[in-house]
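**Student:** File follows, work30.csv with CSV, C-alpha atoms and all ligand atoms:
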chain,number,residue,atom,x,y,z
A,1,MET,CA,118.8,-153.9,-22.5
A,2,LYS,CA,115.6,-152.8,-24.3
A,3,LYS,CA,113.6,-155.0,-22.1
A,4,ILE,CA,115.2,-153.6,-18.9
A,5,ILE,CA,114.5,-150.0,-20.1
A,6,THR,CA,110.8,-150.9,-20.8
A,7,LEU,CA,110.5,-152.6,-17.4
A,8,LEU,CA,112.0,-149.6,-15.7
A,9,SER,CA,109.7,-147.2,-17.5
A,10,LEU,CA,106.7,-149.3,-16.6
A,11,LEU,CA,107.9,-149.2,-12.9
A,12,ILE,CA,108.3,-145.5,-13.0
A,13,VAL,CA,104.8,-145.0,-14.5
A,14,PHE,CA,103.3,-147.4,-11.9
A,15,LEU,CA,105.0,-145.7,-9.0
A,16,GLY,CA,103.8,-142.3,-10.3
A,17,CYS,CA,100.2,-143.5,-10.6
A,18,LYS,CA,100.3,-144.9,-7.0
A,19,ASN,CA,101.6,-141.6,-5.7
A,20,GLU,CA,98.9,-139.7,-7.5
A,21,THR,CA,96.2,-142.0,-6.1
A,22,LYS,CA,97.5,-141.4,-2.6
A,23,ASN,CA,97.5,-137.6,-3.1
A,24,SER,CA,94.0,-137.5,-4.5
A,25,SER,CA,92.6,-139.8,-1.9
A,26,GLU,CA,94.2,-137.6,0.8
A,27,GLU,CA,92.6,-134.6,-0.8
A,28,THR,CA,89.1,-136.2,-0.8
A,29,GLN,CA,89.6,-137.1,2.8
A,30,THR,CA,89.7,-133.4,3.8
A,31,ASN,CA,87.2,-132.3,1.2
A,32,ILE,CA,84.6,-135.0,1.9
A,33,LYS,CA,81.2,-133.7,3.0
A,34,LYS,CA,80.8,-135.4,6.4
A,35,ASN,CA,77.5,-133.8,7.3
A,36,LYS,CA,75.1,-131.6,5.4
A,37,PHE,CA,74.4,-129.8,8.7
A,38,ALA,CA,75.7,-130.1,12.2
A,39,ILE,CA,75.9,-128.4,15.6
A,40,ILE,CA,78.3,-128.4,18.5
A,41,ILE,CA,78.1,-126.7,21.9
A,42,HIS,CA,80.0,-126.2,25.2
A,43,GLY,CA,78.9,-125.2,28.6
A,44,GLY,CA,82.3,-124.3,30.0
A,45,ALA,CA,85.7,-126.0,30.7
A,46,GLY,CA,87.7,-126.4,33.8
A,47,THR,CA,88.6,-128.8,36.6
A,48,ILE,CA,85.4,-130.7,36.3
A,49,LEU,CA,86.0,-134.0,38.1
A,50,LYS,CA,83.6,-137.0,38.4
A,51,LYS,CA,84.5,-137.3,42.1
A,52,ASN,CA,83.2,-133.7,42.8
A,53,MET,CA,79.9,-134.2,40.9
A,54,SER,CA,76.8,-135.8,42.3
A,55,ASP,CA,74.7,-138.0,40.0
A,56,GLU,CA,71.8,-135.4,40.1
A,57,LYS,CA,74.1,-132.6,39.2
A,58,GLU,CA,75.6,-134.6,36.3
A,59,ALA,CA,72.2,-135.5,35.1
A,60,ALA,CA,71.0,-131.9,35.3
A,61,TYR,CA,73.9,-130.7,33.2
A,62,LYS,CA,73.5,-133.4,30.6
A,63,SER,CA,69.8,-132.9,30.3
A,64,LYS,CA,70.1,-129.1,29.8
A,65,LEU,CA,72.9,-129.6,27.2
A,66,GLU,CA,70.6,-132.0,25.4
A,67,ASP,CA,67.6,-129.7,25.5
A,68,ALA,CA,69.8,-126.9,24.2
A,69,ILE,CA,71.4,-128.8,21.3
A,70,LYS,CA,68.1,-130.3,20.2
A,71,ILE,CA,66.6,-126.9,19.8
A,72,GLY,CA,69.4,-125.9,17.4
A,73,TYR,CA,69.4,-129.3,15.7
A,74,THR,CA,65.7,-129.1,14.9
A,75,ILE,CA,66.1,-125.6,13.4
A,76,LEU,CA,68.9,-126.8,11.2
A,77,LYS,CA,67.0,-130.0,10.2
A,78,ASN,CA,64.0,-127.9,9.1
A,79,GLY,CA,66.2,-125.8,6.9
A,80,GLY,CA,66.6,-122.9,9.3
A,81,THR,CA,69.8,-120.8,9.4
A,82,SER,CA,72.9,-121.4,11.5
A,83,GLN,CA,72.4,-117.9,13.0
A,84,GLU,CA,69.0,-118.8,14.4
A,85,ALA,CA,70.2,-122.2,15.6
A,86,VAL,CA,73.2,-120.7,17.5
A,87,MET,CA,71.0,-118.0,19.1
A,88,LYS,CA,68.2,-120.2,20.2
A,89,THR,CA,70.6,-122.9,21.5
A,90,ILE,CA,72.6,-120.4,23.5
A,91,GLN,CA,69.4,-118.8,24.9
A,92,VAL,CA,68.4,-122.1,26.5
A,93,MET,CA,71.7,-122.2,28.3
A,94,GLU,CA,71.6,-118.4,29.2
A,95,GLU,CA,68.2,-119.0,30.8
A,96,SER,CA,69.5,-121.9,32.9
A,97,PRO,CA,71.1,-121.1,36.3
A,98,LEU,CA,73.5,-124.0,35.7
A,99,PHE,CA,75.7,-122.0,33.4
A,100,ASN,CA,77.8,-118.9,33.8
A,101,ALA,CA,75.9,-117.0,31.1
A,102,GLY,CA,72.7,-115.0,31.5
A,103,LYS,CA,70.9,-116.2,34.6
A,104,GLY,CA,73.5,-117.9,36.8
A,105,ALA,CA,76.4,-115.6,35.7
A,106,VAL,CA,79.3,-115.2,38.1
A,107,PHE,CA,79.7,-112.1,40.2
A,108,THR,CA,82.1,-109.2,39.9
A,109,HIS,CA,84.1,-107.9,42.9
A,110,GLU,CA,81.4,-105.3,43.3
A,111,GLU,CA,78.8,-108.0,43.5
A,112,LYS,CA,77.2,-107.4,40.1
A,113,ASN,CA,76.7,-109.5,37.0
A,114,GLU,CA,78.4,-108.1,34.0
A,115,LEU,CA,77.7,-110.1,30.8
A,116,ASP,CA,79.7,-110.5,27.6
A,117,ALA,CA,78.8,-112.2,24.3
A,118,SER,CA,79.7,-112.3,20.7
A,119,PHE,CA,78.5,-113.8,17.4
A,120,MET,CA,80.0,-114.2,14.0
A,121,ASP,CA,78.5,-115.1,10.6
A,122,GLY,CA,80.8,-117.2,8.5
A,123,LYS,CA,79.2,-116.2,5.2
A,124,THR,CA,79.6,-112.4,5.4
A,125,LEU,CA,82.3,-112.3,8.1
A,126,ASN,CA,80.0,-109.9,9.8
A,127,ALA,CA,80.1,-109.9,13.6
A,128,GLY,CA,78.5,-108.4,16.7
A,129,ALA,CA,79.7,-108.3,20.3
A,130,VAL,CA,78.7,-106.9,23.7
A,131,ALA,CA,80.7,-106.4,26.9
A,132,GLY,CA,79.7,-105.6,30.4
A,133,VAL,CA,75.9,-105.4,30.2
A,134,THR,CA,73.9,-105.7,33.4
A,135,ASN,CA,70.3,-105.7,32.4
A,136,VAL,CA,69.8,-107.4,29.0
A,137,LYS,CA,68.2,-110.8,29.4
A,138,SER,CA,69.9,-112.4,26.4
A,139,PRO,CA,73.4,-111.1,25.7
A,140,ILE,CA,73.7,-113.3,22.6
A,141,GLU,CA,70.6,-111.8,21.1
A,142,LEU,CA,72.0,-108.4,21.7
A,143,ALA,CA,75.3,-109.4,20.0
A,144,ILE,CA,73.4,-110.5,17.0
A,145,LYS,CA,71.3,-107.2,17.0
A,146,ILE,CA,74.5,-105.2,17.1
A,147,MET,CA,75.7,-107.1,14.0
A,148,THR,CA,72.4,-106.7,12.1
A,149,ASP,CA,71.1,-103.3,13.2
A,150,SER,CA,74.1,-101.1,13.9
A,151,ASP,CA,77.2,-99.9,12.1
A,152,HIS,CA,79.4,-101.3,14.8
A,153,VAL,CA,80.8,-104.6,15.9
A,154,MET,CA,81.2,-104.1,19.6
A,155,LEU,CA,79.2,-102.1,22.2
A,156,SER,CA,79.7,-102.0,26.0
A,157,GLY,CA,78.0,-101.1,29.3
A,158,SER,CA,75.2,-98.6,29.5
A,159,GLY,CA,75.4,-97.7,25.8
A,160,ALA,CA,74.8,-101.3,24.8
A,161,SER,CA,71.8,-101.4,27.2
A,162,GLU,CA,70.4,-98.3,25.6
A,163,PHE,CA,70.8,-99.8,22.1
A,164,ALA,CA,69.1,-103.0,23.4
A,165,LYS,CA,66.1,-100.9,24.7
A,166,GLU,CA,65.8,-99.0,21.5
A,167,LYS,CA,65.7,-102.3,19.5
A,168,GLY,CA,63.0,-103.7,21.8
A,169,LEU,CA,65.1,-106.5,23.4
A,170,GLU,CA,64.0,-107.8,26.8
A,171,ILE,CA,65.4,-105.7,29.7
A,172,VAL,CA,65.4,-107.3,33.1
A,173,ASP,CA,66.2,-106.1,36.6
A,174,PRO,CA,69.8,-107.0,37.4
A,175,SER,CA,68.6,-109.2,40.2
A,176,TYR,CA,67.3,-111.6,37.5
A,177,PHE,CA,70.8,-112.9,37.1
A,178,TYR,CA,71.3,-113.6,40.8
A,179,THR,CA,71.9,-117.2,42.0
A,180,GLU,CA,72.9,-118.1,45.5
A,181,LYS,CA,75.5,-120.5,44.3
A,182,ARG,CA,77.5,-117.9,42.4
A,183,PHE,CA,77.1,-115.3,45.1
A,184,LYS,CA,78.5,-117.7,47.7
A,185,SER,CA,81.4,-118.5,45.4
A,186,LEU,CA,82.3,-114.8,45.2
A,187,GLN,CA,82.2,-114.6,49.0
A,188,ARG,CA,84.5,-117.6,49.3
A,189,ILE,CA,87.0,-116.0,46.9
A,190,LYS,CA,86.8,-112.7,48.7
A,191,ASP,CA,87.6,-114.4,52.0
A,192,LYS,CA,90.6,-116.1,50.5
A,193,GLU,CA,91.7,-112.8,49.0
A,194,LYS,CA,91.4,-111.1,52.3
A,195,THR,CA,93.4,-113.8,54.1
A,196,ALA,CA,96.1,-113.6,51.5
A,197,LEU,CA,96.3,-109.8,51.7
A,198,ASP,CA,96.3,-109.9,55.6
A,199,HIS,CA,99.3,-112.2,55.3
A,200,ASP,CA,100.8,-109.6,53.0
A,201,ASP,CA,100.9,-112.2,50.3
A,202,LYS,CA,101.3,-110.0,47.3
A,203,LYS,CA,101.0,-112.9,44.9
A,204,ALA,CA,98.0,-112.4,42.7
A,205,VAL,CA,95.1,-114.3,44.2
A,206,PHE,CA,92.6,-113.3,41.5
A,207,TYR,CA,93.4,-116.4,39.5
A,208,ASP,CA,94.3,-119.0,42.1
A,209,ALA,CA,93.0,-122.6,41.7
A,210,ASP,CA,89.8,-122.0,43.6
A,211,ILE,CA,89.0,-119.0,41.6
A,212,LYS,CA,89.8,-120.6,38.3
A,213,ASN,CA,87.5,-123.5,39.3
A,214,SER,CA,84.6,-121.4,40.3
A,215,LYS,CA,83.8,-119.9,36.9
A,216,PHE,CA,82.8,-122.9,34.8
A,217,GLY,CA,79.9,-122.5,32.6
A,218,THR,CA,80.5,-120.0,29.7
A,219,VAL,CA,78.4,-121.3,26.9
A,220,GLY,CA,79.0,-121.5,23.2
A,221,CYS,CA,77.6,-122.9,20.0
A,222,VAL,CA,78.8,-123.4,16.4
A,223,ALA,CA,76.4,-124.6,13.7
A,224,LEU,CA,76.6,-125.4,9.9
A,225,ASP,CA,73.3,-125.1,8.1
A,226,LYS,CA,72.0,-126.8,4.9
A,227,ASN,CA,73.1,-123.8,2.8
A,228,GLY,CA,76.7,-124.3,4.0
A,229,ASN,CA,76.7,-121.3,6.3
A,230,ILE,CA,78.6,-121.5,9.5
A,231,ALA,CA,77.8,-119.4,12.6
A,232,ALA,CA,79.4,-119.2,16.0
A,233,GLY,CA,78.4,-117.6,19.3
A,234,THR,CA,79.6,-117.4,22.9
A,235,SER,CA,78.0,-115.9,26.0
A,236,THR,CA,79.4,-115.6,29.5
A,237,GLY,CA,79.4,-113.8,32.9
A,238,GLY,CA,83.2,-113.8,32.7
A,239,MET,CA,85.3,-114.7,35.7
A,240,THR,CA,84.3,-114.5,39.4
A,241,ASN,CA,85.6,-111.5,41.3
A,242,LYS,CA,86.6,-109.7,38.1
A,243,ARG,CA,86.9,-105.9,38.6
A,244,TRP,CA,87.7,-102.7,36.9
A,245,GLY,CA,85.4,-103.5,34.0
A,246,ARG,CA,87.5,-106.5,33.1
A,247,ILE,CA,86.5,-108.0,29.7
A,248,GLY,CA,87.5,-111.5,28.8
A,249,ASP,CA,87.8,-113.3,25.5
A,250,ALA,CA,84.2,-114.2,25.0
A,251,PRO,CA,83.2,-110.9,23.3
A,252,ILE,CA,86.4,-110.6,21.4
A,253,ILE,CA,86.1,-111.7,17.8
A,254,GLY,CA,89.0,-113.9,16.9
A,255,SER,CA,89.5,-115.0,20.5
A,256,GLY,CA,86.2,-116.2,21.9
A,257,THR,CA,84.3,-116.6,18.7
A,258,TYR,CA,85.2,-116.9,15.0
A,259,ALA,CA,83.4,-118.1,11.9
A,260,ASN,CA,84.4,-118.3,8.2
A,261,ASN,CA,82.6,-120.4,5.6
A,262,LYS,CA,85.9,-121.0,3.9
A,263,THR,CA,87.3,-122.8,7.0
A,264,CYS,CA,85.4,-123.3,10.3
A,265,GLY,CA,83.6,-121.8,13.2
A,266,VAL,CA,84.9,-121.8,16.8
A,267,SER,CA,83.6,-121.0,20.3
A,268,SER,CA,86.1,-120.8,23.2
A,269,THR,CA,85.9,-121.2,26.9
A,270,GLY,CA,88.6,-120.9,29.5
A,271,TRP,CA,91.0,-118.4,31.0
A,272,GLY,CA,90.1,-115.4,28.9
A,273,GLU,CA,93.3,-113.5,29.1
A,274,TYR,CA,95.3,-116.3,27.5
A,275,PHE,CA,92.6,-116.8,24.8
A,276,ILE,CA,92.9,-113.1,23.9
A,277,ARG,CA,96.7,-113.3,23.8
A,278,SER,CA,96.6,-116.4,21.7
A,279,GLN,CA,93.8,-115.3,19.3
A,280,VAL,CA,92.6,-118.9,19.7
A,281,ALA,CA,89.5,-118.9,17.5
A,282,TYR,CA,91.1,-117.1,14.6
A,283,ASP,CA,94.3,-119.0,14.8
A,284,ILE,CA,92.4,-122.3,14.3
A,285,SER,CA,90.8,-120.8,11.1
A,286,ALA,CA,94.1,-119.4,9.9
A,287,GLN,CA,95.9,-122.7,10.3
A,288,MET,CA,93.3,-124.3,8.1
A,289,GLU,CA,93.4,-121.5,5.6
A,290,TYR,CA,97.1,-120.9,5.3
A,291,GLN,CA,98.5,-124.3,6.3
A,292,GLN,CA,95.8,-126.5,4.9
A,293,LYS,CA,95.5,-128.2,8.3
A,294,THR,CA,92.4,-130.3,9.1
A,295,LEU,CA,90.0,-129.0,11.8
A,296,LYS,CA,91.4,-131.6,14.2
A,297,GLU,CA,95.0,-130.7,13.5
A,298,ALA,CA,94.4,-127.0,13.9
A,299,THR,CA,92.3,-127.2,17.2
A,300,LYS,CA,94.9,-129.6,18.6
A,301,ASP,CA,97.8,-127.4,17.8
A,302,VAL,CA,96.2,-124.3,19.2
A,303,ILE,CA,94.9,-125.8,22.4
A,304,GLN,CA,97.4,-128.6,23.3
A,305,ASN,CA,100.5,-126.9,22.0
A,306,LYS,CA,100.3,-123.1,21.7
A,307,LEU,CA,97.8,-122.2,24.5
A,308,THR,CA,99.2,-124.8,26.9
A,309,LYS,CA,102.8,-123.6,26.4
A,310,LEU,CA,101.6,-120.1,27.3
A,311,GLY,CA,100.0,-121.4,30.5
A,312,GLY,CA,96.4,-121.0,29.4
A,313,THR,CA,93.7,-123.4,30.3
A,314,GLY,CA,90.4,-124.1,28.6
A,315,GLY,CA,89.0,-125.5,25.3
A,316,VAL,CA,87.0,-124.9,22.2
A,317,VAL,CA,84.2,-126.5,20.2
A,318,ALA,CA,84.7,-126.2,16.5
A,319,LEU,CA,83.1,-127.3,13.2
A,320,ASP,CA,84.4,-127.0,9.6
A,321,LYS,CA,82.7,-126.3,6.3
A,322,ASN,CA,82.3,-130.1,5.7
A,323,GLY,CA,80.6,-130.7,9.0
A,324,ASN,CA,83.6,-132.3,10.8
A,325,MET,CA,83.4,-131.5,14.4
A,326,SER,CA,86.1,-131.2,17.2
A,327,PHE,CA,86.1,-130.8,20.9
A,328,GLU,CA,89.5,-129.8,22.2
A,329,PHE,CA,90.5,-128.9,25.8
A,330,ASN,CA,93.4,-129.1,28.1
A,331,THR,CA,91.4,-129.1,31.3
A,332,ALA,CA,90.0,-132.1,33.2
A,333,GLY,CA,86.6,-131.6,31.7
A,334,MET,CA,84.3,-129.6,29.4
A,335,TYR,CA,80.5,-129.7,29.3
A,336,ARG,CA,79.9,-130.5,25.7
A,337,ALA,CA,77.6,-132.0,23.1
A,338,SER,CA,77.4,-132.4,19.3
A,339,MET,CA,74.8,-133.6,16.8
A,340,ASP,CA,75.4,-134.6,13.2
A,341,ASP,CA,72.9,-134.6,10.3
A,342,LYS,CA,71.7,-138.1,11.2
A,343,GLY,CA,70.7,-137.0,14.6
A,344,ASN,CA,73.6,-138.8,16.4
A,345,LEU,CA,74.1,-137.1,19.7
A,346,ILE,CA,77.4,-137.0,21.6
A,347,LEU,CA,77.1,-135.7,25.2
A,348,LYS,CA,80.1,-135.6,27.5
A,349,ILE,CA,81.6,-133.9,30.5
A,350,TYR,CA,84.9,-135.4,31.5
A,351,LYS,CA,88.0,-136.4,29.6
A,352,GLU,CA,87.6,-139.9,28.2
B,401,LIG,N1,86.5,-117.2,28.9
B,401,LIG,C1,85.7,-116.6,29.9
B,401,LIG,C2,86.3,-115.4,30.4
B,401,LIG,O1,87.5,-115.3,30.5
B,401,LIG,C3,85.4,-117.5,31.1
B,401,LIG,C4,85.2,-119.0,30.8
B,401,LIG,O2,85.1,-119.4,29.6
B,401,LIG,O3,85.1,-119.8,31.7
B,401,LIG,O4,85.6,-114.4,30.6
Any chance you could give the structure as structure tokens?

**Tutor:**
Amino acid sequence: MKKIITLLSLLIVFLGCKNETKNSSEETQTNIKKNKFAIIIHGGAGTILKKNMSDEKEAAYKSKLEDAIKIGYTILKNGGTSQEAVMKTIQVMEESPLFNAGKGAVFTHEEKNELDASFMDGKTLNAGAVAGVTNVKSPIELAIKIMTDSDHVMLSGSGASEFAKEKGLEIVDPSYFYTEKRFKSLQRIKDKEKTALDHDDKKAVFYDADIKNSKFGTVGCVALDKNGNIAAGTSTGGMTNKRWGRIGDAPIIGSGTYANNKTCGVSSTGWGEYFIRSQVAYDISAQMEYQQKTLKEATKDVIQNKLTKLGGTGGVVALDKNGNMSFEFNTAGMYRASMDDKGNLILKIYKE
């Protein structure tokens, strides 16, 4: 009997230890420092299909994404801040006519380019955002200036331009943002809209398939620097044919952009109205903070479950405090890239 009791006690102790080992190894899994620094970007999500893409176009997108991410990577590698890496990386894409941000932004119904951007610093939880500017060359730079040099988080329209001028940011003629491709895509949508209205089709045409597909190219970046600081930023022209001063998710902190050193940084792209209603970027951080989810679990739940159920389309790029990175989208494709601290580059467009 004594022997049996001793054996049973040993078994209990053994099982207890095994369980402990399992728990602690799970803990280390999520707390492991994957990368000392890292960077992840997107250039928009949508129905991006290989069959609709020429080899030249694909190569052009890939090469611009690579140029952009390498700028940020080099800043981080040399000990620069995540704020600088995010700004400089986004600026490369803002200056490229390929993306719907800065030059190459989509047109509003009134045939203008109205730009939105936001930035968040994960260390201080400070943030800056701008909506509807028409003459500031780099909306992401303006968002950061609003964060660093004003008492406010969000400025819009002419007031935001005035602030930019006062702070010495580059002002351009609105025609700087013009590209024929985007202008033509507005005309196509307006024609469709007219036909629908002529047929007394009261169904909203603002967001039909063609329209949804014509707005790819919002840009975003999230970076973790060697000091453990996360920064995130997003810049866009919004959606083609937008009117009445429509503002999407990109300049909304918590929807288009979020960063918190305790959890992660996120930049979103997609159908803005749904991203606002879902508070996509903040929800990912909150699930990590309050439910101890990993970055992958949180991004997956928010995009593939919650956003999808609501009918929203799009995706996010996100990175956590340990340098784990995640691309998550429910569309056919998302222009995207990431680089880890060893310089490994991932560059993709379509779903795998
Ligand atoms: N989210 C942007 C907006 O709704 C558009 C996009 O990301 O494609 O303004």

**Student:** At a cut-off of 10 Å, using only C-alpha atoms, what residues contact region 277-289 of chain A? Leave out same-chain residues fewer than 6 positions from it and give the result as a count of residues only.

**Tutor:** 36

**Student:** Of the candidates A:Glu111, A:Glu141, A:Glu58, A:Glu66, which one gets nearest to Met339 (chain A) if we count all atoms listed in the file?

**Tutor:**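 Checking each candidate against Met339 (chain A), we get A:Glu66 as the closest.
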
**Student:** Find the residues around region 158-166 of chain A up to 8 Å (all atoms listed in the file counted), leave out those fewer than 5 positions away in its own chain, and share them as an MDAnalysis selection string.

**Tutor:** chainID A and resid 130 133:136 142 145 171

**Student:** Find the residues around Ser82 (chain A) up to 10 Å (all atoms listed in the file counted), leave out those fewer than 4 positions away in its own chain, and share them as a VMD selection string.

**Tutor:** chain A and resid 37 to 39 72 to 73 75 to 76 86 to 88 121 to 122 221 to 232

**Student:** Name the closest residue to ligand LIG 401 (chain B) among the candidates A:Gly343, A:Gly80, A:Gly238, A:Gly311; distances are taken between atoms, counting only C-alpha atoms and all ligand atoms.

**Tutor:**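 With only C-alpha atoms and all ligand atoms as the atom set, the closest residue is A:Gly238.
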
**Student:** How many Å separate CA of Ile41 (chain A) from atom C4 of ligand LIG 401 (chain B)?

**Tutor:**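 Atom-to-atom, CA of Ile41 (chain A) to atom C4 of ligand LIG 401 (chain B), that is 13.7 Å.
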
**Student:** Nearest residue to Ile247 (chain A) out of A:Ala129, A:Ile146, A:Ile48, A:Ala59, using only C-alpha atoms?

**Tutor:**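 Closest candidate: A:Ala129.
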
**Student:** For region 309-335 of chain A, where the input has fewer atoms than it should, I would like N, CA and C atoms rebuilt and written as an mmCIF file, in the coordinates of the input.

**Tutor:**
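Saved result, out-v6.cif, follows:
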data_model
loop_
_atom_site.group_PDB
_atom_site.id
_atom_site.type_symbol
_atom_site.label_atom_id
_atom_site.label_comp_id
_atom_site.auth_asym_id
_atom_site.auth_seq_id
_atom_site.Cartn_x
_atom_site.Cartn_y
_atom_site.Cartn_z
ATOM 1 N N LYS A 309 101.443 -124.080 26.186
ATOM 2 C CA LYS A 309 102.800 -123.600 26.400
ATOM 3 C C LYS A 309 102.777 -122.191 27.084
ATOM 4 N N LEU A 310 101.764 -121.410 26.751
ATOM 5 C CA LEU A 310 101.600 -120.100 27.300
ATOM 6 C C LEU A 310 101.140 -120.113 28.770
ATOM 7 N N GLY A 311 100.542 -121.249 29.147
ATOM 8 C CA GLY A 311 100.000 -121.400 30.500
ATOM 9 C C GLY A 311 98.500 -121.233 30.578
ATOM 10 N N GLY A 312 97.861 -121.145 29.435
ATOM 11 C CA GLY A 312 96.400 -121.000 29.400
ATOM 12 C C GLY A 312 95.651 -122.281 29.542
ATOM 13 N N THR A 313 94.473 -122.204 30.165
ATOM 14 C CA THR A 313 93.700 -123.400 30.300
ATOM 15 C C THR A 313 92.271 -123.175 29.710
ATOM 16 N N GLY A 314 91.718 -124.235 29.134
ATOM 17 C CA GLY A 314 90.400 -124.100 28.600
ATOM 18 C C GLY A 314 90.219 -124.990 27.347
ATOM 19 N N GLY A 315 89.262 -124.643 26.520
ATOM 20 C CA GLY A 315 89.000 -125.500 25.300
ATOM 21 C C GLY A 315 88.159 -124.759 24.311
ATOM 22 N N VAL A 316 87.903 -125.481 23.226
ATOM 23 C CA VAL A 316 87.000 -124.900 22.200
ATOM 24 C C VAL A 316 86.112 -126.044 21.656
ATOM 25 N N VAL A 317 85.007 -125.611 21.072
ATOM 26 C CA VAL A 317 84.200 -126.500 20.200
ATOM 27 C C VAL A 317 84.346 -125.870 18.820
ATOM 28 N N ALA A 318 84.500 -126.711 17.796
ATOM 29 C CA ALA A 318 84.700 -126.200 16.500
ATOM 30 C C ALA A 318 84.083 -127.118 15.424
ATOM 31 N N LEU A 319 83.772 -126.533 14.290
ATOM 32 C CA LEU A 319 83.100 -127.300 13.200
ATOM 33 C C LEU A 319 83.585 -126.735 11.898
ATOM 34 N N ASP A 320 83.864 -127.597 10.904
ATOM 35 C CA ASP A 320 84.400 -127.000 9.600
ATOM 36 C C ASP A 320 83.281 -127.036 8.562
ATOM 37 N N LYS A 321 83.658 -126.529 7.395
ATOM 38 C CA LYS A 321 82.700 -126.300 6.300
ATOM 39 C C LYS A 321 82.096 -127.673 5.839
ATOM 40 N N ASN A 322 82.786 -128.776 6.110
ATOM 41 C CA ASN A 322 82.300 -130.100 5.700
ATOM 42 C C ASN A 322 81.519 -130.805 6.808
ATOM 43 N N GLY A 323 81.329 -130.106 7.908
ATOM 44 C CA GLY A 323 80.600 -130.700 9.000
ATOM 45 C C GLY A 323 81.391 -131.640 9.880
ATOM 46 N N ASN A 324 82.732 -131.574 9.770
ATOM 47 C CA ASN A 324 83.600 -132.300 10.800
ATOM 48 C C ASN A 324 83.513 -131.475 12.036
ATOM 49 N N MET A 325 83.549 -132.170 13.172
ATOM 50 C CA MET A 325 83.400 -131.500 14.400
ATOM 51 C C MET A 325 84.593 -131.816 15.356
ATOM 52 N N SER A 326 84.951 -130.885 16.232
ATOM 53 C CA SER A 326 86.100 -131.200 17.200
ATOM 54 C C SER A 326 85.820 -130.518 18.523
ATOM 55 N N PHE A 327 86.033 -131.330 19.564
ATOM 56 C CA PHE A 327 86.100 -130.800 20.900
ATOM 57 C C PHE A 327 87.560 -130.873 21.299
ATOM 58 N N GLU A 328 88.124 -129.792 21.796
ATOM 59 C CA GLU A 328 89.500 -129.800 22.200
ATOM 60 C C GLU A 328 89.696 -129.032 23.462
ATOM 61 N N PHE A 329 90.257 -129.622 24.519
ATOM 62 C CA PHE A 329 90.500 -128.900 25.800
ATOM 63 C C PHE A 329 91.652 -129.449 26.528
ATOM 64 N N ASN A 330 92.284 -128.598 27.355
ATOM 65 C CA ASN A 330 93.400 -129.100 28.100
ATOM 66 C C ASN A 330 93.125 -129.074 29.628
ATOM 67 N N THR A 331 91.840 -129.057 29.957
ATOM 68 C CA THR A 331 91.400 -129.100 31.300
ATOM 69 C C THR A 331 90.851 -130.509 31.633
ATOM 70 N N ALA A 332 90.448 -130.726 32.907
ATOM 71 C CA ALA A 332 90.000 -132.100 33.200
ATOM 72 C C ALA A 332 88.623 -132.372 32.564
ATOM 73 N N GLY A 333 87.869 -131.337 32.304
ATOM 74 C CA GLY A 333 86.600 -131.600 31.700
ATOM 75 C C GLY A 333 86.063 -130.390 30.900
ATOM 76 N N MET A 334 85.041 -130.642 30.101
ATOM 77 C CA MET A 334 84.300 -129.600 29.400
ATOM 78 C C MET A 334 82.919 -130.069 29.159
ATOM 79 N N TYR A 335 81.936 -129.303 29.607
ATOM 80 C CA TYR A 335 80.500 -129.700 29.300
ATOM 81 C C TYR A 335 80.383 -129.520 27.796
#
